[in-house]
>>> print(open('entry29.csv').read())   # CSV, C-alpha atoms
chain,number,residue,atom,x,y,z
A,27,MET,CA,-16.9,-20.7,13.8
A,28,SER,CA,-17.0,-17.7,11.5
A,29,LEU,CA,-17.6,-15.5,14.6
A,30,ILE,CA,-14.6,-17.0,16.4
A,31,ALA,CA,-12.5,-16.4,13.2
A,32,LEU,CA,-13.3,-12.6,13.5
A,33,ILE,CA,-11.1,-12.4,16.7
A,34,PRO,CA,-7.8,-10.8,15.7
A,35,PHE,CA,-4.9,-13.4,15.5
A,36,VAL,CA,-6.6,-16.0,17.8
A,37,GLY,CA,-9.5,-16.3,15.3
A,38,SER,CA,-7.3,-17.0,12.3
A,39,MET,CA,-5.3,-19.6,14.2
A,40,ALA,CA,-8.5,-21.2,15.5
A,41,LEU,CA,-9.9,-21.3,12.0
A,42,ALA,CA,-6.7,-23.0,10.6
A,43,GLY,CA,-7.0,-25.5,13.4
A,44,TRP,CA,-10.7,-26.1,12.6
A,45,VAL,CA,-9.9,-26.8,9.0
A,46,LEU,CA,-7.0,-29.1,9.8
A,47,THR,CA,-9.2,-31.0,12.4
A,48,ALA,CA,-11.9,-31.5,9.7
A,49,ALA,CA,-9.2,-32.8,7.3
A,50,ASP,CA,-7.9,-35.1,10.1
A,51,GLY,CA,-11.4,-36.5,10.5
A,52,MET,CA,-11.6,-37.2,6.8
A,53,HIS,CA,-8.2,-39.1,7.0
A,54,GLU,CA,-9.8,-41.2,9.7
A,55,GLY,CA,-12.9,-41.8,7.5
A,56,VAL,CA,-15.2,-39.4,9.4
A,57,ALA,CA,-16.5,-36.7,7.0
A,58,SER,CA,-18.1,-34.5,9.6
A,59,VAL,CA,-17.9,-30.8,10.4
A,60,PRO,CA,-16.0,-30.4,13.8
A,61,PRO,CA,-17.9,-28.3,16.4
A,62,ALA,CA,-16.9,-24.6,16.6
A,63,GLY,CA,-14.1,-24.0,19.0
A,64,PHE,CA,-10.6,-22.8,19.7
A,65,TYR,CA,-8.4,-25.3,17.8
A,66,LEU,CA,-5.3,-23.3,18.6
A,67,ARG,CA,-2.8,-26.1,19.2
A,68,ARG,CA,-3.8,-27.7,15.9
A,69,GLY,CA,-3.7,-24.6,13.8
A,70,ALA,CA,-0.6,-22.8,15.3
A,71,ARG,CA,2.0,-24.1,12.9
A,72,LEU,CA,-0.1,-23.5,9.7
A,73,TYR,CA,-1.1,-20.0,11.1
A,74,PHE,CA,2.6,-19.2,11.8
A,75,VAL,CA,3.8,-20.1,8.3
A,76,ALA,CA,0.8,-18.3,6.6
A,77,PHE,CA,1.4,-15.2,8.8
A,78,VAL,CA,5.1,-15.0,8.0
A,79,TRP,CA,4.6,-15.4,4.3
A,80,GLY,CA,1.6,-13.0,4.3
A,81,ALA,CA,3.6,-10.4,6.1
A,82,LEU,CA,6.5,-10.7,3.7
A,83,VAL,CA,4.3,-10.5,0.6
A,84,ALA,CA,2.3,-7.6,2.1
A,85,THR,CA,5.6,-5.7,2.8
A,86,VAL,CA,6.8,-6.1,-0.8
A,87,VAL,CA,3.4,-5.3,-2.4
A,88,TYR,CA,2.6,-2.3,-0.3
A,89,GLY,CA,6.2,-1.1,-0.3
A,90,ALA,CA,6.1,-1.1,-4.1
A,91,MET,CA,2.7,0.6,-4.2
A,92,PHE,CA,4.0,3.4,-1.9
A,93,ALA,CA,7.2,3.7,-4.1
A,94,PHE,CA,5.1,4.1,-7.3
A,95,LEU,CA,2.6,6.5,-5.7
A,96,THR,CA,5.5,8.6,-4.3
A,97,ALA,CA,7.2,8.6,-7.7
A,98,PHE,CA,4.0,9.8,-9.4
A,99,PHE,CA,4.1,13.1,-7.5
A,100,ARG,CA,7.6,14.0,-8.7
A,101,PRO,CA,7.4,17.1,-10.9
A,102,ASP,CA,9.4,15.5,-13.7
A,103,VAL,CA,7.3,12.4,-14.0
A,104,GLY,CA,4.8,13.9,-16.4
A,105,THR,CA,7.2,14.2,-19.3
A,106,GLY,CA,9.6,12.1,-21.3
A,107,ALA,CA,11.2,8.9,-20.3
A,108,ALA,CA,10.2,9.3,-16.7
A,109,PHE,CA,6.5,9.2,-17.7
A,110,PHE,CA,6.9,5.9,-19.5
A,111,LEU,CA,9.1,4.5,-16.7
A,112,ALA,CA,6.7,5.4,-13.9
A,113,PHE,CA,3.4,4.5,-15.6
A,114,GLY,CA,4.8,1.6,-17.6
A,115,GLY,CA,6.3,0.3,-14.4
A,116,TRP,CA,3.0,0.8,-12.6
A,117,PHE,CA,1.0,-1.2,-15.2
A,118,ALA,CA,3.7,-3.9,-15.3
A,119,PHE,CA,3.5,-4.1,-11.5
A,120,VAL,CA,-0.3,-4.4,-11.5
A,121,LEU,CA,-0.2,-7.0,-14.2
A,122,LEU,CA,2.5,-8.9,-12.4
A,123,LEU,CA,0.5,-8.7,-9.1
A,124,GLY,CA,-2.6,-10.0,-10.9
A,125,VAL,CA,-0.7,-13.0,-12.4
A,126,ALA,CA,1.2,-13.7,-9.2
A,127,THR,CA,-1.9,-13.8,-7.0
A,128,HIS,CA,-3.5,-16.3,-9.3
A,129,VAL,CA,-0.4,-18.4,-9.7
A,130,ALA,CA,0.0,-18.3,-5.9
A,131,PHE,CA,-3.1,-20.5,-5.6
A,132,LEU,CA,-1.0,-23.4,-7.0
A,133,PHE,CA,1.2,-23.2,-4.0
A,134,ILE,CA,-1.4,-22.7,-1.2
A,135,VAL,CA,-2.5,-26.3,-0.7
A,136,PRO,CA,1.0,-27.8,-1.1
A,137,GLY,CA,2.4,-25.1,1.2
A,138,ALA,CA,-0.3,-25.7,3.8
A,139,VAL,CA,0.2,-29.5,3.7
A,140,GLU,CA,4.0,-29.1,4.0
A,141,ALA,CA,3.7,-26.5,6.8
A,142,ASP,CA,1.3,-28.7,8.8
A,143,GLU,CA,3.6,-31.7,8.4
A,144,ARG,CA,7.0,-30.1,8.8
A,145,GLY,CA,6.2,-27.7,11.7
A,146,ALA,CA,6.2,-24.0,12.2
A,147,VAL,CA,9.9,-23.1,11.5
A,148,ARG,CA,10.7,-25.8,9.0
A,149,GLY,CA,7.5,-25.1,7.3
A,150,LEU,CA,8.7,-21.7,6.3
A,151,ASN,CA,11.0,-23.3,3.7
A,152,PRO,CA,9.1,-23.0,0.5
A,153,ILE,CA,11.2,-25.6,-1.4
A,154,PRO,CA,9.3,-28.7,-0.5
A,155,ALA,CA,6.0,-27.1,-1.5
A,156,ILE,CA,7.4,-25.9,-4.8
A,157,THR,CA,8.8,-29.4,-5.3
A,158,ASP,CA,5.4,-30.9,-4.6
A,159,VAL,CA,3.8,-28.7,-7.3
A,160,PHE,CA,6.2,-29.9,-9.9
A,161,ARG,CA,6.0,-33.5,-8.8
A,162,HIS,CA,2.2,-33.5,-8.7
A,163,PRO,CA,1.2,-30.9,-11.3
A,164,ARG,CA,-2.3,-32.3,-11.9
A,165,ASP,CA,-3.2,-32.6,-8.2
A,166,SER,CA,-1.8,-29.2,-7.5
A,167,LEU,CA,-3.8,-27.6,-10.3
A,168,LEU,CA,-7.0,-29.2,-9.2
A,169,ALA,CA,-6.3,-28.2,-5.6
A,170,ALA,CA,-5.6,-24.6,-6.8
A,171,LEU,CA,-8.9,-24.5,-8.7
A,172,ILE,CA,-11.0,-25.8,-5.9
A,173,THR,CA,-9.1,-23.5,-3.4
A,174,TYR,CA,-10.0,-20.6,-5.7
A,175,LEU,CA,-13.7,-21.8,-5.5
A,176,ALA,CA,-13.4,-22.0,-1.7
A,177,TRP,CA,-12.0,-18.5,-1.7
A,178,ILE,CA,-15.0,-17.2,-3.8
A,179,ILE,CA,-17.5,-19.0,-1.5
A,180,ALA,CA,-15.8,-17.6,1.6
A,181,GLY,CA,-15.9,-14.1,0.2
A,182,LEU,CA,-19.4,-14.2,-1.1
A,183,GLY,CA,-20.9,-13.1,2.1
A,184,ALA,CA,-18.7,-10.0,2.2
A,185,SER,CA,-20.9,-8.7,-0.6
A,186,LEU,CA,-23.8,-8.6,1.9
A,187,CYS,CA,-22.5,-5.6,3.8
A,188,TYR,CA,-19.6,-7.8,5.0
A,189,VAL,CA,-21.9,-9.3,7.7
A,190,GLY,CA,-22.7,-12.1,5.4
A,191,ILE,CA,-19.2,-13.4,5.7
A,192,LEU,CA,-20.3,-15.0,8.9
A,193,LEU,CA,-22.4,-17.4,6.8
A,194,THR,CA,-20.0,-18.1,4.0
A,195,LEU,CA,-16.5,-18.1,5.7
A,196,GLY,CA,-17.2,-21.5,7.3
A,197,TYR,CA,-18.4,-23.1,4.1
A,198,GLY,CA,-15.3,-21.8,2.2
A,199,ALA,CA,-13.1,-23.2,5.0
A,200,MET,CA,-14.7,-26.6,4.9
A,201,VAL,CA,-14.2,-26.8,1.1
A,202,PHE,CA,-10.6,-25.9,1.8
A,203,ALA,CA,-10.4,-28.7,4.3
A,204,GLY,CA,-11.7,-31.1,1.7
A,205,VAL,CA,-9.0,-30.0,-0.8
A,206,LEU,CA,-6.3,-30.4,1.9
A,207,TYR,CA,-7.5,-33.9,2.6
A,208,VAL,CA,-7.7,-35.0,-1.1
A,209,TYR,CA,-4.4,-33.5,-2.0
A,210,GLU,CA,-2.6,-35.0,1.0
A,211,ARG,CA,-4.2,-38.4,0.4
A,212,ASN,CA,-3.3,-38.4,-3.3
A,213,THR,CA,0.2,-37.0,-3.1
A,214,LYS,CA,1.6,-38.3,0.2
A,215,ALA,CA,0.2,-41.8,-0.2
A,216,VAL,CA,1.8,-41.9,-3.7
A,217,SER,CA,5.1,-40.6,-2.2
A,218,ALA,CA,5.0,-43.2,0.7
A,219,GLN,CA,4.6,-46.1,-1.7
B,22,MET,CA,-0.8,-42.0,5.7
B,23,SER,CA,1.7,-39.1,5.8
B,24,ALA,CA,5.1,-38.9,7.3
B,25,THR,CA,4.3,-37.1,10.5
B,26,PRO,CA,1.6,-38.7,12.7
B,27,ARG,CA,-1.3,-36.3,13.3
B,28,PRO,CA,-1.2,-36.2,17.2
B,29,SER,CA,2.4,-34.9,17.0
B,30,ARG,CA,1.2,-32.0,14.8
B,31,LEU,CA,-0.3,-30.4,17.9
B,32,SER,CA,1.8,-27.4,19.1
B,33,LYS,CA,2.6,-27.0,22.7
B,34,PRO,CA,0.6,-24.3,24.6
B,35,GLY,CA,3.8,-22.3,25.0
B,36,GLU,CA,4.4,-22.3,21.3
B,37,VAL,CA,0.8,-21.2,20.7
B,38,VAL,CA,1.2,-18.2,23.0
B,39,ALA,CA,4.6,-17.4,21.6
B,40,ILE,CA,3.3,-17.4,18.0
B,41,LEU,CA,0.2,-15.3,18.9
B,42,VAL,CA,2.3,-12.7,20.8
B,43,ALA,CA,5.0,-12.6,18.0
B,44,SER,CA,2.4,-12.2,15.3
B,45,ALA,CA,0.6,-9.4,17.3
B,46,VAL,CA,4.0,-7.6,17.8
B,47,VAL,CA,5.0,-8.0,14.1
B,48,TRP,CA,1.5,-6.9,12.9
B,49,THR,CA,1.7,-3.8,15.2
B,50,ALA,CA,5.2,-3.0,13.9
B,51,LEU,CA,4.0,-3.4,10.3
B,52,ILE,CA,1.1,-1.1,10.9
B,53,ALA,CA,3.3,1.4,12.6
B,54,ALA,CA,5.8,1.3,9.7
B,55,VAL,CA,3.0,1.8,7.2
B,56,ALA,CA,1.6,4.7,9.1
B,57,THR,CA,5.1,6.3,9.5
B,58,LEU,CA,5.8,5.8,5.8
B,59,PHE,CA,2.4,7.3,4.9
B,60,PHE,CA,2.7,10.4,7.2
B,61,ALA,CA,6.4,11.0,7.1
B,62,VAL,CA,7.3,10.1,3.5
B,63,PHE,CA,4.2,9.8,1.3
B,64,ILE,CA,2.2,12.8,2.5
B,65,PRO,CA,5.2,15.2,2.4
B,66,ALA,CA,6.2,13.8,-1.0
B,67,VAL,CA,2.8,14.7,-2.3
B,68,GLN,CA,2.3,17.9,-0.4
B,69,PHE,CA,5.8,19.3,-0.9
B,70,GLY,CA,6.8,17.5,-4.1
B,71,GLY,CA,7.6,20.8,-5.9
B,72,ARG,CA,9.6,22.4,-3.0
B,73,ASN,CA,12.8,22.1,-4.9
B,74,GLN,CA,11.4,24.0,-7.9
B,75,ILE,CA,10.8,27.2,-5.8
B,76,PRO,CA,13.7,29.6,-6.7
B,77,ALA,CA,16.1,29.9,-3.9
B,78,ASP,CA,16.1,33.7,-4.1
B,79,PHE,CA,12.3,34.0,-3.9
B,80,PRO,CA,11.5,35.9,-0.7
B,81,VAL,CA,9.4,34.1,1.9
B,82,TYR,CA,7.5,36.1,4.5
B,83,PRO,CA,9.3,35.7,7.9
B,84,ASN,CA,8.0,32.8,9.9
B,85,ALA,CA,5.4,31.8,7.3
B,86,GLN,CA,4.5,28.1,7.5
B,87,PRO,CA,4.8,26.1,4.2
B,88,GLU,CA,1.4,24.5,3.4
B,89,SER,CA,2.0,22.9,0.0
B,90,ALA,CA,4.3,23.0,-3.0
B,91,PHE,CA,3.4,21.4,-6.3
B,92,ALA,CA,5.2,21.5,-9.6
B,93,SER,CA,4.2,20.3,-13.0
B,94,LYS,CA,6.1,20.2,-16.3
B,95,SER,CA,4.6,20.7,-19.7
B,96,GLY,CA,7.1,20.8,-22.5
B,97,SER,CA,9.8,23.2,-21.5
B,98,CYS,CA,7.5,25.0,-19.0
B,99,THR,CA,7.6,24.2,-15.3
B,100,THR,CA,4.7,25.6,-13.2
B,101,VAL,CA,5.3,25.9,-9.5
B,102,THR,CA,2.4,26.5,-7.1
B,103,ALA,CA,3.3,26.9,-3.5
B,104,THR,CA,1.3,28.1,-0.4
B,105,TRP,CA,2.4,29.5,2.9
B,106,SER,CA,0.3,30.7,5.8
B,107,THR,CA,1.1,33.3,8.5
B,108,SER,CA,-0.6,34.9,11.4
B,109,ALA,CA,0.4,38.4,10.1
B,110,ASN,CA,-2.3,40.6,8.6
B,111,ALA,CA,-2.8,40.7,4.8
B,112,ALA,CA,-1.7,44.3,4.4
B,113,SER,CA,1.7,43.8,6.0
B,114,VAL,CA,2.3,40.6,3.9
B,115,ARG,CA,1.3,42.5,0.7
B,116,ASP,CA,3.7,45.4,1.6
B,117,PHE,CA,6.4,42.8,2.3
B,118,TYR,CA,6.1,41.3,-1.2
B,119,ARG,CA,5.8,44.6,-3.0
B,120,ARG,CA,9.0,45.7,-1.3
B,121,GLU,CA,11.0,42.4,-1.6
B,122,LEU,CA,9.9,41.7,-5.2
B,123,SER,CA,11.3,45.1,-6.2
B,124,VAL,CA,14.8,44.5,-5.0
B,125,GLY,CA,17.6,42.2,-6.3
B,126,ASP,CA,16.8,40.2,-9.3
B,127,TRP,CA,13.0,40.5,-9.0
B,128,THR,CA,10.9,43.2,-10.6
B,129,VAL,CA,7.2,43.9,-9.9
B,130,THR,CA,5.4,44.2,-13.2
B,131,ASP,CA,1.9,44.9,-11.8
B,132,SER,CA,0.7,45.4,-8.3
B,133,THR,CA,-2.5,47.4,-9.0
B,134,ASN,CA,-4.6,44.3,-8.1
B,135,LEU,CA,-5.8,44.1,-4.5
B,136,THR,CA,-4.7,40.6,-4.0
B,137,GLU,CA,-2.1,39.7,-6.6
B,138,ILE,CA,1.4,41.0,-7.2
B,139,PHE,CA,2.9,40.1,-10.6
B,140,PHE,CA,6.6,39.9,-10.9
B,141,GLN,CA,9.4,38.5,-13.1
B,142,SER,CA,13.1,38.0,-12.9
B,143,ALA,CA,15.2,40.8,-14.3
B,144,SER,CA,18.1,38.7,-15.4
B,145,THR,CA,16.0,35.7,-16.4
B,146,PRO,CA,12.7,36.8,-17.9
B,147,THR,CA,11.8,33.2,-18.3
B,148,ARG,CA,11.0,33.2,-14.6
B,149,LYS,CA,7.7,35.1,-14.0
B,150,GLY,CA,4.6,34.7,-11.9
B,151,TYR,CA,2.5,36.2,-9.2
B,152,VAL,CA,1.9,36.2,-5.5
B,153,ALA,CA,-1.6,36.2,-4.2
B,154,VAL,CA,-2.2,37.3,-0.6
B,155,LEU,CA,-5.5,35.9,0.6
B,156,THR,CA,-7.6,35.8,3.7
B,157,GLN,CA,-10.3,33.3,4.3
B,158,PRO,CA,-13.5,33.5,6.3
B,159,TYR,CA,-13.5,31.9,9.7
B,160,SER,CA,-9.7,31.8,9.7
B,161,SER,CA,-7.3,34.3,11.3
B,162,ARG,CA,-4.5,33.3,9.1
B,163,THR,CA,-3.3,35.0,5.9
B,164,TYR,CA,-2.4,32.7,3.0
B,165,ILE,CA,0.4,33.5,0.5
B,166,GLU,CA,0.0,31.7,-2.8
B,167,LEU,CA,2.9,31.7,-5.3
B,168,THR,CA,2.4,30.7,-8.9
B,169,LEU,CA,5.6,30.8,-11.0
B,170,VAL,CA,6.4,29.6,-14.4
B,171,LYS,CA,9.9,28.8,-15.6
B,172,SER,CA,11.2,27.9,-19.0
B,173,GLY,CA,14.0,25.5,-19.2
B,174,SER,CA,15.1,26.4,-22.7
B,175,GLY,CA,16.6,29.8,-22.0
B,176,ALA,CA,15.6,33.3,-22.8
B,177,GLY,CA,13.2,33.9,-25.6
B,178,SER,CA,11.2,30.7,-25.1
B,179,THR,CA,9.1,32.0,-22.2
B,180,SER,CA,6.3,33.3,-24.5
B,181,ALA,CA,5.0,29.7,-24.6
B,182,CYS,CA,4.8,29.6,-20.8
B,183,GLN,CA,2.0,31.7,-19.5
B,184,VAL,CA,0.7,32.3,-16.0
B,185,LEU,CA,-3.1,32.3,-15.5
B,186,ALA,CA,-4.0,34.7,-12.8
B,187,GLY,CA,-7.2,35.2,-10.8
B,188,ALA,CA,-8.4,34.5,-7.3
B,189,ALA,CA,-11.0,31.8,-6.8
B,190,GLY,CA,-14.6,33.0,-6.6
>>> encode(input="entry29.csv", output="structure tokens")
Amino acid sequence: MSLIALIPFVGSMALAGWVLTAADGMHEGVASVPPAGFYLRRGARLYFVAFVWGALVATVVYGAMFAFLTAFFRPDVGTGAAFFLAFGGWFAFVLLLGVATHVAFLFIVPGAVEADERGAVRGLNPIPAITDVFRHPRDSLLAALITYLAWIIAGLGASLCYVGILLTLGYGAMVFAGVLYVYERNTKAVSAQ
Amino acid sequence: MSATPRPSRLSKPGEVVAILVASAVVWTALIAAVATLFFAVFIPAVQFGGRNQIPADFPVYPNAQPESAFASKSGSCTTVTATWSTSANAASVRDFYRRELSVGDWTVTDSTNLTEIFFQSASTPTRKGYVAVLTQPYSSRTYIELTLVKSGSGAGSTSACQVLAGAAG
């Protein structure tokens, strides 16, 4: 499945579908790894929401980085208030980015669950996911921590000349499937009662 | 268990294709925008960031191509380093600068060096520097390097702003 995931666009959608299919199996009491394949119809709505938010965040982050780097090469940036503004701003930006990327883990699982349930376009609305985090802070925090672990597991192989990601990406994805299942079971079942 | 039954969470094949095509188009547009920003805004901002600091009355050899312009400030001193290239031979470029830096507001202070012509502004002695005319092996082009210091605090404060001259190598 990791090999399929390497295909641009299609691979990411297939991987999302594979993860959701595994979570579906767990909801039905079957804790097994689905065979590798192109689960495009299952993963399309989650992929769409993740892509749109990813593109927005990337635009803001890289736009800010370009703006700072361009500002650094202004002749007057080396002296006075401009120096503190540019370099202070840069350090604040990097600090904010570091904090934001870690806090974002809180919203990944609720966001994925809401996107999968509500559909591609309605899933773009972040309010339900944010509401879920505040309604279920303990579940959201646990989901965030295990997602963080899944992310580390998935990326471990990248340290082996990147080729190793073929071995670890699938493991990380399955851990994420487990998190999705547990979070949805705990929070949606509680909500339905 | 959840509000939406799972079979209904399957997207239609048309939706899948539309999402894939849209994401590919958006991705390509983003990459194009980043590349455009990089080459059209960022690189010129870095390479020619000091262009505004070059005095407007400084003579530029006709049809010389700007290669770079950097400026840095240290206290009240602004140092400008700019480079042009031209296909003309070094001797005619050197003659041009000896002549042009001797008219108007500019005064040549030393042109005995083979490659460097030192000059300063007659009306504003806080503006001074040198032009180096260089040729490089394996290149038919002649390079003109301007190094200029300016003091922003008026006349008399230029003694703190010094130009370090000398060709590499």
>>> residues_around(input="entry29.csv", residues="Phe117 of chain B", least_positions_apart="5", cutoff="10 Å", atoms="all atoms listed in the file", output="list in words")
Pro80, Val81, Tyr82, Pro83, Ala111, Ala112 and Leu122 of chain B
>>> closest_residue(input="entry29.csv", among="A:Ala146, A:Leu132, A:Val86, A:Val201", to="Phe119 of chain A", atoms="only C-alpha atoms")
A:Val86
>>> closest_residue(input="entry29.csv", among="A:Ala70, A:Leu41, A:Leu195, A:Leu122", to="chain B", atoms="all atoms listed in the file")
A:Ala70
>>> closest_residue(input="entry29.csv", among="B:Ala50, B:Leu41, B:Val55, B:Leu169", to="Gln141 of chain B", atoms="only C-alpha atoms")
B:Leu169
>>> interface_residues(input="entry29.csv", of="chain A", to="chain B", cutoff="9 Å", atoms="all atoms listed in the file", output="MDAnalysis selection string")
chainID A and resid 34:36 39 50 53 66:71 73:74 77:78 81 85 88:89 92:93 95:105 142:146 210:211 214:215 217:218
>>> atom_distance(input="entry29.csv", atom1="atom CA of Pro61 of chain A", atom2="atom CA of Gly190 of chain A")
20.2 Å
>>> atom_distance(input="entry29.csv", atom1="atom CA of Pro60 of chain A", atom2="atom CA of Leu72 of chain A")
17.8 Å
>>> atom_distance(input="entry29.csv", atom1="atom CA of Ala153 of chain B", atom2="atom CA of Glu137 of chain B")
4.3 Å
>>> closest_residue(input="entry29.csv", among="A:Ala31, A:Val59, A:Ala180, A:Ala155", to="Pro136 of chain A", atoms="all atoms listed in the file")
A:Ala155
>>> closest_residue(input="entry29.csv", among="B:Val124, B:Val170, B:Val129, B:Cys98", to="Asp78 of chain B", atoms="all atoms listed in the file")
B:Val124
>>> closest_residue(input="entry29.csv", among="B:Ala143, B:Ala53, B:Leu135, B:Ala109", to="Ser123 of chain B", atoms="only C-alpha atoms")
B:Ala143
>>> build_atoms(input="entry29.csv", residues="segment 94-107 of chain B", atoms="N, CA and C atoms", output="PDB file, in the frame of the given file")
ATOM      1  N   LYS B  94       5.347  19.826 -15.090  1.00  0.00           N
ATOM      2  CA  LYS B  94       6.100  20.200 -16.300  1.00  0.00           C
ATOM      3  C   LYS B  94       5.219  19.930 -17.510  1.00  0.00           C
ATOM      4  N   SER B  95       5.261  20.852 -18.428  1.00  0.00           N
ATOM      5  CA  SER B  95       4.600  20.700 -19.700  1.00  0.00           C
ATOM      6  C   SER B  95       5.497  21.226 -20.773  1.00  0.00           C
ATOM      7  N   GLY B  96       6.064  20.347 -21.556  1.00  0.00           N
ATOM      8  CA  GLY B  96       7.100  20.800 -22.500  1.00  0.00           C
ATOM      9  C   GLY B  96       8.266  21.339 -21.797  1.00  0.00           C
ATOM     10  N   SER B  97       8.650  22.562 -22.155  1.00  0.00           N
ATOM     11  CA  SER B  97       9.800  23.200 -21.500  1.00  0.00           C
ATOM     12  C   SER B  97       9.372  24.059 -20.318  1.00  0.00           C
ATOM     13  N   CYS B  98       8.046  24.111 -20.059  1.00  0.00           N
ATOM     14  CA  CYS B  98       7.500  25.000 -19.000  1.00  0.00           C
ATOM     15  C   CYS B  98       7.362  24.208 -17.692  1.00  0.00           C
ATOM     16  N   THR B  99       7.846  24.777 -16.624  1.00  0.00           N
ATOM     17  CA  THR B  99       7.600  24.200 -15.300  1.00  0.00           C
ATOM     18  C   THR B  99       6.759  25.216 -14.519  1.00  0.00           C
ATOM     19  N   THR B 100       5.623  24.765 -14.033  1.00  0.00           N
ATOM     20  CA  THR B 100       4.700  25.600 -13.200  1.00  0.00           C
ATOM     21  C   THR B 100       4.835  25.203 -11.784  1.00  0.00           C
ATOM     22  N   VAL B 101       5.133  26.150 -10.933  1.00  0.00           N
ATOM     23  CA  VAL B 101       5.300  25.900  -9.500  1.00  0.00           C
ATOM     24  C   VAL B 101       4.130  26.598  -8.782  1.00  0.00           C
ATOM     25  N   THR B 102       3.442  25.875  -7.925  1.00  0.00           N
ATOM     26  CA  THR B 102       2.400  26.500  -7.100  1.00  0.00           C
ATOM     27  C   THR B 102       2.706  26.159  -5.651  1.00  0.00           C
ATOM     28  N   ALA B 103       2.924  27.165  -4.869  1.00  0.00           N
ATOM     29  CA  ALA B 103       3.300  26.900  -3.500  1.00  0.00           C
ATOM     30  C   ALA B 103       2.429  27.841  -2.575  1.00  0.00           C
ATOM     31  N   THR B 104       2.147  27.360  -1.388  1.00  0.00           N
ATOM     32  CA  THR B 104       1.300  28.100  -0.400  1.00  0.00           C
ATOM     33  C   THR B 104       1.995  28.168   0.916  1.00  0.00           C
ATOM     34  N   TRP B 105       1.957  29.323   1.530  1.00  0.00           N
ATOM     35  CA  TRP B 105       2.400  29.500   2.900  1.00  0.00           C
ATOM     36  C   TRP B 105       1.253  30.130   3.694  1.00  0.00           C
ATOM     37  N   SER B 106       1.302  30.001   4.996  1.00  0.00           N
ATOM     38  CA  SER B 106       0.300  30.700   5.800  1.00  0.00           C
ATOM     39  C   SER B 106       1.061  31.437   6.939  1.00  0.00           C
ATOM     40  N   THR B 107       0.487  32.527   7.373  1.00  0.00           N
ATOM     41  CA  THR B 107       1.100  33.300   8.500  1.00  0.00           C
ATOM     42  C   THR B 107       0.015  33.948   9.291  1.00  0.00           C
TER      43      THR B 107
END
